[in-house]
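J.: Please find target_29.cif (mmCIF, C-alpha atoms and all ligand atoms) on the next line:
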data_work
loop_
_atom_site.label_atom_id
_atom_site.label_comp_id
_atom_site.auth_asym_id
_atom_site.auth_seq_id
_atom_site.Cartn_x
_atom_site.Cartn_y
_atom_site.Cartn_z
CA MET J 1 29.83 3.45 -10.56
CA GLN J 2 26.18 2.58 -10.13
CA TYR J 3 25.44 -1.08 -9.49
CA ASP J 4 22.00 -2.68 -9.58
CA LEU J 5 22.30 -6.42 -9.04
CA HIS J 6 18.70 -7.58 -8.57
CA ASN J 7 16.12 -7.16 -11.36
CA HIS J 8 13.35 -9.09 -13.09
CA SER J 9 12.20 -9.40 -16.69
CA TYR J 10 9.13 -11.07 -18.17
CA PHE J 11 11.06 -14.36 -18.02
CA SER J 12 9.64 -14.46 -14.49
CA ASP J 13 7.34 -11.91 -12.83
CA GLY J 14 8.80 -8.73 -14.31
CA GLU J 15 6.92 -6.64 -16.84
CA LEU J 16 9.71 -5.68 -19.25
CA SER J 17 11.53 -7.76 -21.82
CA PRO J 18 15.25 -8.29 -21.08
CA GLU J 19 16.06 -5.70 -23.78
CA GLU J 20 13.64 -3.12 -22.35
CA LEU J 21 15.09 -3.69 -18.90
CA VAL J 22 18.64 -3.05 -20.13
CA VAL J 23 17.62 0.08 -22.04
CA PHE J 24 15.76 1.43 -19.01
CA ALA J 25 18.72 0.68 -16.73
CA LYS J 26 21.01 2.60 -19.08
CA GLN J 27 18.61 5.57 -19.05
CA GLN J 28 18.60 5.49 -15.25
CA GLY J 29 22.38 5.75 -15.17
CA VAL J 30 23.14 2.19 -14.10
CA ASP J 31 26.67 1.07 -15.05
CA VAL J 32 26.53 -2.56 -13.93
CA LEU J 33 23.27 -4.50 -14.17
CA ALA J 34 22.29 -8.04 -13.18
CA LEU J 35 19.20 -9.87 -14.40
CA THR J 36 17.97 -12.19 -11.63
CA ASP J 37 14.72 -13.86 -12.68
CA HIS J 38 13.01 -16.30 -10.33
CA ASP J 39 14.41 -19.82 -10.85
CA SER J 40 15.30 -19.06 -14.45
CA VAL J 41 18.23 -18.00 -16.61
CA ALA J 42 16.16 -17.93 -19.80
CA GLY J 43 16.38 -14.15 -20.30
CA ILE J 44 20.12 -13.84 -19.80
CA ALA J 45 21.38 -14.27 -23.35
CA ARG J 46 19.00 -11.57 -24.61
CA ALA J 47 19.89 -9.16 -21.80
CA GLN J 48 23.57 -9.79 -22.39
CA ALA J 49 23.29 -9.04 -26.11
CA GLU J 50 21.40 -5.79 -25.46
CA ALA J 51 23.88 -4.76 -22.75
CA GLN J 52 26.66 -5.05 -25.30
CA LEU J 53 24.80 -2.70 -27.65
CA GLN J 54 24.10 -0.26 -24.82
CA GLN J 55 27.68 -0.46 -23.50
CA LEU J 56 26.54 -1.44 -20.06
CA ARG J 57 28.32 -4.06 -17.97
CA PHE J 58 26.06 -7.08 -17.54
CA ILE J 59 26.18 -9.71 -14.78
CA ALA J 60 24.33 -12.99 -15.28
CA GLY J 61 22.16 -13.80 -12.27
CA VAL J 62 19.24 -15.78 -10.87
CA GLU J 63 16.96 -15.63 -7.81
CA ILE J 64 16.37 -19.07 -6.32
CA SER J 65 13.45 -19.80 -3.98
CA THR J 66 14.39 -21.88 -0.94
CA LEU J 67 12.40 -23.20 2.00
CA TRP J 68 13.91 -22.62 5.44
CA MET J 69 11.95 -23.26 8.64
CA LEU J 70 8.66 -23.09 6.70
CA LYS J 71 9.54 -19.71 5.18
CA ASP J 72 10.37 -18.81 1.59
CA ILE J 73 13.89 -17.38 1.57
CA HIS J 74 15.37 -16.06 -1.68
CA ILE J 75 18.99 -16.62 -2.65
CA ILE J 76 20.48 -14.62 -5.50
CA GLY J 77 23.25 -16.06 -7.64
CA LEU J 78 25.52 -13.45 -9.24
CA SER J 79 28.16 -13.79 -11.92
CA ILE J 80 27.02 -17.31 -12.74
CA ASP J 81 27.65 -19.38 -15.84
CA PRO J 82 24.06 -19.69 -17.09
CA GLN J 83 24.87 -22.89 -18.95
CA GLN J 84 26.37 -24.84 -16.08
CA PRO J 85 24.64 -28.27 -15.94
CA GLU J 86 24.27 -28.60 -12.14
CA LEU J 87 22.65 -25.18 -11.91
CA LEU J 88 20.36 -25.91 -14.85
CA ALA J 89 19.32 -29.26 -13.36
CA GLY J 90 18.51 -27.51 -10.07
CA LEU J 91 16.44 -24.85 -11.79
CA GLN J 92 14.56 -27.53 -13.69
CA LEU J 93 13.56 -29.12 -10.36
CA GLN J 94 12.37 -25.74 -9.12
CA GLN J 95 10.30 -25.26 -12.27
CA ALA J 96 8.65 -28.66 -11.76
CA LYS J 97 7.76 -27.65 -8.21
CA ARG J 98 6.32 -24.39 -9.51
CA GLU J 99 4.15 -26.34 -11.94
CA GLN J 100 2.84 -28.60 -9.14
CA ARG J 101 2.22 -25.65 -6.87
CA ALA J 102 0.38 -23.76 -9.61
CA GLN J 103 -2.02 -26.67 -10.04
CA GLN J 104 -2.74 -26.67 -6.31
CA ILE J 105 -3.19 -22.90 -6.24
CA GLY J 106 -5.59 -23.20 -9.18
CA GLU J 107 -7.62 -25.89 -7.38
CA ARG J 108 -7.86 -23.88 -4.21
CA LEU J 109 -8.94 -20.75 -6.04
CA GLU J 110 -11.52 -22.75 -8.00
CA LYS J 111 -13.02 -24.01 -4.72
CA ILE J 112 -13.55 -20.48 -3.48
CA GLY J 113 -15.16 -19.34 -6.69
CA ILE J 114 -12.26 -17.96 -8.72
CA LYS J 115 -12.66 -19.64 -12.07
CA ASN J 116 -9.98 -20.79 -14.53
CA ALA J 117 -7.12 -19.21 -12.58
CA LEU J 118 -4.57 -21.84 -13.56
CA ALA J 119 -5.28 -21.43 -17.27
CA GLY J 120 -5.37 -17.66 -16.86
CA ALA J 121 -2.06 -17.48 -15.01
CA ARG J 122 -0.48 -19.82 -17.54
CA ALA J 123 -1.66 -17.71 -20.43
CA LEU J 124 -0.07 -14.64 -18.80
CA ALA J 125 3.20 -16.46 -18.05
CA GLY J 126 3.54 -18.11 -21.47
CA SER J 127 6.64 -20.27 -21.44
CA THR J 128 8.33 -18.30 -18.66
CA THR J 129 8.52 -19.00 -14.91
CA LEU J 130 4.99 -19.37 -13.51
CA THR J 131 4.72 -17.22 -10.38
CA ARG J 132 2.09 -16.10 -7.90
CA PRO J 133 2.05 -12.60 -9.45
CA HIS J 134 0.68 -14.22 -12.63
CA PHE J 135 -2.28 -15.50 -10.59
CA ALA J 136 -2.61 -12.06 -9.02
CA ARG J 137 -2.64 -10.34 -12.41
CA TYR J 138 -5.29 -12.75 -13.66
CA MET J 139 -7.48 -11.97 -10.64
CA VAL J 140 -7.07 -8.23 -11.24
CA ALA J 141 -7.85 -8.59 -14.96
CA GLU J 142 -11.00 -10.61 -14.23
CA GLY J 143 -12.17 -8.15 -11.60
CA TYR J 144 -11.90 -10.49 -8.59
CA VAL J 145 -9.63 -8.02 -6.76
CA LYS J 146 -8.77 -4.36 -7.27
CA ASP J 147 -4.99 -4.79 -7.31
CA MET J 148 -2.16 -7.31 -6.92
CA LYS J 149 -1.59 -6.36 -3.33
CA THR J 150 -5.15 -7.37 -2.48
CA ALA J 151 -4.74 -10.65 -4.39
CA PHE J 152 -1.85 -11.46 -2.04
CA SER J 153 -3.42 -10.19 1.17
CA ARG J 154 -6.70 -12.05 0.51
CA TYR J 155 -5.74 -15.20 -1.36
CA LEU J 156 -2.12 -15.87 -2.26
CA GLY J 157 -0.10 -14.66 0.70
CA HIS J 158 1.23 -16.78 3.56
CA GLY J 159 -1.62 -18.38 5.52
CA LYS J 160 -4.33 -17.32 3.03
CA PRO J 161 -6.74 -19.77 1.34
CA ALA J 162 -4.67 -20.29 -1.83
CA SER J 163 -1.29 -20.35 -0.14
CA VAL J 164 0.54 -23.63 -0.81
CA ARG J 165 3.70 -24.58 1.01
CA THR J 166 6.29 -25.65 -1.52
CA GLU J 167 9.31 -27.84 -0.86
CA TRP J 168 11.74 -25.57 -2.61
CA ALA J 169 15.45 -26.36 -2.55
CA SER J 170 17.26 -25.97 0.76
CA ILE J 171 19.52 -22.97 1.26
CA ALA J 172 22.52 -25.32 1.08
CA GLU J 173 21.37 -26.73 -2.27
CA ALA J 174 20.82 -23.29 -3.78
CA VAL J 175 24.26 -22.12 -2.63
CA GLN J 176 25.79 -25.31 -4.03
CA TRP J 177 24.20 -24.81 -7.47
CA ILE J 178 25.37 -21.18 -7.57
CA HIS J 179 28.90 -22.13 -6.59
CA ALA J 180 28.94 -24.95 -9.14
CA ALA J 181 28.14 -22.28 -11.73
CA GLY J 182 31.06 -20.15 -10.51
CA GLY J 183 28.87 -17.49 -8.88
CA GLN J 184 28.44 -15.74 -5.54
CA ALA J 185 25.43 -16.61 -3.37
CA VAL J 186 23.65 -13.58 -1.94
CA LEU J 187 20.87 -13.57 0.66
CA ALA J 188 18.12 -11.46 -0.95
CA HIS J 189 16.25 -8.60 0.78
CA PRO J 190 17.04 -9.90 4.31
CA ALA J 191 14.89 -7.42 6.23
CA ARG J 192 11.79 -8.25 4.20
CA TYR J 193 11.37 -11.61 5.95
CA LYS J 194 10.42 -9.77 9.14
CA LEU J 195 12.15 -12.36 11.33
CA ALA J 196 12.66 -11.78 15.03
CA ARG J 197 16.29 -11.15 15.90
CA THR J 198 17.10 -14.64 17.20
CA LYS J 199 15.49 -16.31 14.20
CA PHE J 200 17.25 -13.94 11.82
CA ILE J 201 20.58 -14.85 13.40
CA LYS J 202 19.73 -18.53 12.87
CA LEU J 203 19.07 -17.77 9.21
CA LEU J 204 22.43 -16.00 8.87
CA GLU J 205 24.21 -18.89 10.60
CA CYS J 206 22.55 -21.37 8.24
CA PHE J 207 23.48 -19.26 5.21
CA VAL J 208 27.09 -18.87 6.36
CA ALA J 209 27.37 -22.60 7.16
CA ALA J 210 26.11 -23.35 3.63
CA GLY J 211 28.95 -21.23 2.23
CA GLY J 212 26.90 -18.12 1.40
CA ASP J 213 29.01 -15.19 0.24
CA ALA J 214 27.04 -11.98 0.60
CA MET J 215 23.77 -10.34 1.48
CA GLU J 216 21.77 -7.46 0.08
CA VAL J 217 22.40 -4.50 2.31
CA VAL J 218 20.77 -1.97 0.01
CA THR J 219 17.57 -3.07 -1.73
CA GLY J 220 14.41 -1.31 -2.87
CA SER J 221 12.37 -2.41 0.13
CA HIS J 222 14.87 -1.61 2.92
CA SER J 223 14.53 1.51 5.04
CA ALA J 224 17.68 3.47 5.92
CA GLN J 225 17.57 1.87 9.35
CA GLU J 226 17.29 -1.63 7.94
CA THR J 227 20.22 -0.93 5.60
CA GLN J 228 22.35 0.15 8.55
CA ALA J 229 21.34 -2.92 10.58
CA MET J 230 22.19 -5.23 7.66
CA ALA J 231 25.56 -3.54 7.18
CA GLU J 232 26.34 -4.39 10.80
CA TYR J 233 25.29 -8.03 10.35
CA CYS J 234 27.54 -8.20 7.29
CA GLN J 235 30.53 -7.13 9.34
CA LYS J 236 29.68 -9.53 12.14
CA TYR J 237 29.21 -12.55 9.86
CA GLN J 238 31.97 -11.56 7.42
CA LEU J 239 29.64 -11.42 4.48
CA LEU J 240 30.16 -9.28 1.40
CA ALA J 241 27.48 -6.70 0.62
CA SER J 242 25.29 -6.38 -2.45
CA ILE J 243 22.95 -3.76 -3.82
CA GLY J 244 19.89 -4.32 -6.00
CA SER J 245 16.53 -2.68 -6.50
CA ASP J 246 14.39 -5.83 -7.07
CA PHE J 247 12.80 -3.90 -9.91
CA HIS J 248 9.80 -5.68 -11.52
CA GLY J 249 8.42 -3.02 -13.88
CA HIS J 250 6.89 0.43 -14.07
CA THR J 251 3.48 -0.41 -12.63
CA ILE J 252 4.91 -2.57 -9.84
CA GLY J 253 6.10 0.42 -7.97
CA TYR J 254 7.72 -0.64 -4.74
CA CYS J 255 11.23 -1.08 -6.06
CA ARG J 256 12.65 1.50 -8.47
CA LEU J 257 15.59 0.78 -10.68
CA GLY J 258 18.73 2.91 -10.51
CA ARG J 259 17.58 5.05 -7.59
CA LEU J 260 19.29 3.27 -4.72
CA PRO J 261 21.35 4.80 -1.94
CA LYS J 262 25.04 3.89 -1.71
CA LEU J 263 26.32 0.98 0.33
CA PRO J 264 27.49 2.07 3.79
CA ALA J 265 31.23 2.75 3.69
CA GLU J 266 32.16 -0.11 6.03
CA CYS J 267 30.75 -2.73 3.63
CA LYS J 268 32.94 -4.93 1.44
CA GLU J 269 31.30 -5.10 -1.96
CA VAL J 270 30.40 -8.41 -3.56
CA TRP J 271 31.90 -7.17 -6.84
CA THR J 272 35.43 -7.01 -5.44
CA LYS J 273 35.49 -10.68 -6.53
CA TRP J 274 34.81 -9.89 -10.22
P1 LIG R 1 6.54 -16.80 -6.19
O1 LIG R 1 8.03 -16.87 -6.33
O2 LIG R 1 5.81 -17.38 -7.35
O3 LIG R 1 6.07 -17.32 -4.87
O4 LIG R 1 6.15 -15.25 -6.21
C1 LIG R 1 6.79 -14.39 -5.34
C2 LIG R 1 6.79 -12.98 -5.90
O5 LIG R 1 5.54 -12.38 -5.63
C3 LIG R 1 7.81 -12.06 -5.25
O6 LIG R 1 9.03 -12.18 -5.89
C4 LIG R 1 7.19 -10.69 -5.48
O7 LIG R 1 7.60 -10.20 -6.72
C5 LIG R 1 5.70 -10.98 -5.53
N1 LIG R 1 4.99 -10.58 -4.31
C6 LIG R 1 5.12 -11.09 -3.08
N2 LIG R 1 4.27 -10.51 -2.21
C7 LIG R 1 3.58 -9.58 -2.92
C8 LIG R 1 2.55 -8.64 -2.60
N3 LIG R 1 2.06 -8.54 -1.37
N4 LIG R 1 2.09 -7.85 -3.59
C9 LIG R 1 2.58 -7.96 -4.85
N5 LIG R 1 3.55 -8.82 -5.20
C10 LIG R 1 4.05 -9.62 -4.26
MN MN R 2 9.21 -11.30 -7.89
MN MN R 3 12.70 -12.06 -3.76
MN MN R 4 13.42 -10.42 -6.78
#
Go ahead and render the structure in this file as structure tokens.
Ligand code: AMP
Ligand code: MN
Ligand code: MN
Ligand code: MN
T.:
Amino acid sequence: MQYDLHNHSYFSDGELSPEELVVFAKQQGVDVLALTDHDSVAGIARAQAEAQLQQLRFIAGVEISTLWMLKDIHIIGLSIDPQQPELLAGLQLQQAKREQRAQQIGERLEKIGIKNALAGARALAGSTTLTRPHFARYMVAEGYVKDMKTAFSRYLGHGKPASVRTEWASIAEAVQWIHAAGGQAVLAHPARYKLARTKFIKLLECFVAAGGDAMEVVTGSHSAQETQAMAEYCQKYQLLASIGSDFHGHTIGYCRLGRLPKLPAECKEVWTKW
């Protein structure tokens, strides 16, 4: 069975509709697919309906931004009830913070000569989750930068002129919302945070203390070495293991759907709970 439990649609910063995502996953040979948009469950009903047509098992998910020691840490919720009120209330708070942050990003960009970025990003996002990639796409479209990567490395990334620290939920709050919705809380792409060993252990201890269930051992951005290291941390901290590409679309190439290596044999899979 091929699992891919971390994917985005255009309900956040992905390029595909929920239906297109499901169809593409089926073509790629995925058997079990989760949609995990940033701070949103708005695409789930549509993905679910398409998955039924395509005879693909669908898992409702979400990717929640949290702030931990001044760093953005992402927590995935899997197998959630997307209508659970406590989860929905939490996601609404996150959306309000995104709105505030977007205004600040827009102001900062304006000051350094990038015009109308807030309106431009909003137009690209429509009614879906407003993310930094929407600002990046606007800057590419208007010719301010050559690609999204440059938009991040020059303007939007950590420590750059339009970077705004956001008081996202705490890890404990995100885990609580996910558990309230009956789901498993999964630490997303753990090696991507590039934390020194002692700090990474602190993060794991915080996540475990909050009741976290699993972490992504295999993900699109992990090297084979990182996967092995994360499998060992899983054993040590008694966490279940998850697998997900973090696919965002065909032109956002760093994470490909349905082309992931297998979980190392010693891992206990997060889906044993389903
Ligand atoms: P946000 O949640 O609005 O802060 O946006 C974060 C998203 O930006 C991540 O989920 C990635 O999809 C994307 N992202 C982060 N860093 C980069 C980068 N250097 N180049 C392109 N996309 C990035
Ligand atoms: Mn993203
Ligand atoms: Mn993420
Ligand atoms: Mn993601």
J.: Restricting the calculation to all atoms listed in the file: of J:Val62, J:Leu263, J:Leu156, J:Leu118, which residue gets closest to ligand MN 3 (chain R)?
T.: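 Among J:Val62, J:Leu263, J:Leu156, J:Leu118, it is J:Val62 that comes nearest to ligand MN 3 (chain R).
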J.: Can you tell me which residues sit at most 10 Å away from ligand MN 2 (chain R), counting all atoms listed in the file, written as a PyMOL selection string?
T.: chain J and resi 7-9+12-14+36-38+63+74+131-133+246-248+252
J.: I need the residues from that last selection saved to file as a tab-separated table (two decimals), in the frame of the given file (with C-alpha atoms), if you can.
T.:
chain	number	residue	atom	x	y	z
J	7	ASN	CA	16.12	-7.16	-11.36
J	8	HIS	CA	13.35	-9.09	-13.09
J	9	SER	CA	12.20	-9.40	-16.69
J	12	SER	CA	9.64	-14.46	-14.49
J	13	ASP	CA	7.34	-11.91	-12.83
J	14	GLY	CA	8.80	-8.73	-14.31
J	36	THR	CA	17.97	-12.19	-11.63
J	37	ASP	CA	14.72	-13.86	-12.68
J	38	HIS	CA	13.01	-16.30	-10.33
J	63	GLU	CA	16.96	-15.63	-7.81
J	74	HIS	CA	15.37	-16.06	-1.68
J	131	THR	CA	4.72	-17.22	-10.38
J	132	ARG	CA	2.09	-16.10	-7.90
J	133	PRO	CA	2.05	-12.60	-9.45
J	246	ASP	CA	14.39	-5.83	-7.07
J	247	PHE	CA	12.80	-3.90	-9.91
J	248	HIS	CA	9.80	-5.68	-11.52
J	252	ILE	CA	4.91	-2.57	-9.84
J.: Work out how far apart atom CA of Tyr155 of chain J and atom CA of Gly120 of chain J are and give it in Å to one decimal.
T.: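 Taking atom CA of Tyr155 of chain J and atom CA of Gly120 of chain J, their separation equals 15.7 Å.
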J.: Which residue is closest to ligand MN 3 (chain R)? Choose from J:Gly159, J:Gly220, J:Pro85, J:Gly43 and count all atoms listed in the file.
T.: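 Residue with the minimum atom-to-atom distance to ligand MN 3 (chain R): J:Gly220.
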J.: Need the shell around Pro82 of chain J: protein/DNA/RNA residues with any atom at most 12 Å away, counting all atoms listed in the file. Skip same-chain ones fewer than 6 positions apart. Format as JSON, numbers by chain?
T.: {"J": [35, 36, 37, 39, 40, 41, 42, 43, 44, 45, 48, 59, 60, 61, 62, 88, 89, 90, 91, 177, 178, 179, 180, 181, 182, 183]}
J.: Just give me the gap between atom CA of Arg46 of chain J and atom CA of Glu19 of chain J in Å, one decimal is fine.
T.: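 Rounded to one decimal, the two atoms are 6.6 Å apart.
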J.: Rank J:Thr128, J:Lys111, J:Glu15, J:Glu173 by their smallest atom-to-atom distance to His250 of chain J, using all atoms listed in the file, and report the top residue only.
T.: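 Of J:Thr128, J:Lys111, J:Glu15, J:Glu173, the one nearest His250 of chain J, counting all atoms listed in the file, is J:Glu15.
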J.: Tell me, in Å to one decimal, how far atom CA of Ala125 of chain J is from atom CA of Ala169 of chain J.
T.: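 Atom CA of Ala125 of chain J sits 22.1 Å away from atom CA of Ala169 of chain J.
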J.: Please determine, counting all atoms listed in the file, which residue among J:Val32, J:Val140, J:Val270, J:Leu124 has the shortest atom-to-atom distance to Leu240 of chain J.
T.: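 Nearest candidate to Leu240 of chain J out of J:Val32, J:Val140, J:Val270, J:Leu124: J:Val270.
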J.: Using all atoms listed in the file, can you tell me which of J:Gln94, J:Gln235, J:Ser17, J:Thr150 comes closest to Thr129 of chain J?
T.: J:Gln94
J.: Between J:Gly244, J:Asp72, J:Gln184, J:Tyr138, which residue has the minimum interatomic distance to Trp274 of chain J, considering all atoms listed in the file?
T.: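 That would be J:Gln184, the residue with the smallest distance to Trp274 of chain J.
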J.: Around the point (26.7, -4.2, -17.2) in the file's coordinates, collect all residues with an atom within 7 Å, using all atoms listed in the file, and return them as a PyMOL selection string.
T.: chain J and resi 31-33+51+56-59
J.: Taking every listed atom of ligand LIG 1 (chain R) and adding 8 Å to each side, what centre and edge lengths in Å (one decimal) does the axis-aligned box have, as lines of an AutoDock Vina configuration file?
T.:
center_x = 5.5
center_y = -12.6
center_z = -4.4
size_x = 23.0
size_y = 25.5
size_z = 22.0
J.: Find the spatial neighbours of Gln225 of chain J, counting only C-alpha atoms, within a cut-off of 12 Å - ignore same-chain residues fewer than 6 positions away - and output them as a list in words.
T.: Ala191, Val217, Val218, Ala231, Glu232 and Pro264 of chain J
J.: Would you kindly return, as a list of chain:residue names, each protein, DNA or RNA residue with an atom no farther than 10 Å from any atom of segment 194-206 of chain J, considering only C-alpha atoms and excluding same-chain residues fewer than 3 positions away?
T.: J:Trp68, J:Met69, J:Lys71, J:Ile73, J:Ile171, J:Ala172, J:Leu187, J:Pro190, J:Ala191, J:Ala209, J:Ala210, J:Gly211, J:Gly212, J:Met215, J:Tyr233, J:Cys234, J:Tyr237, J:Leu239
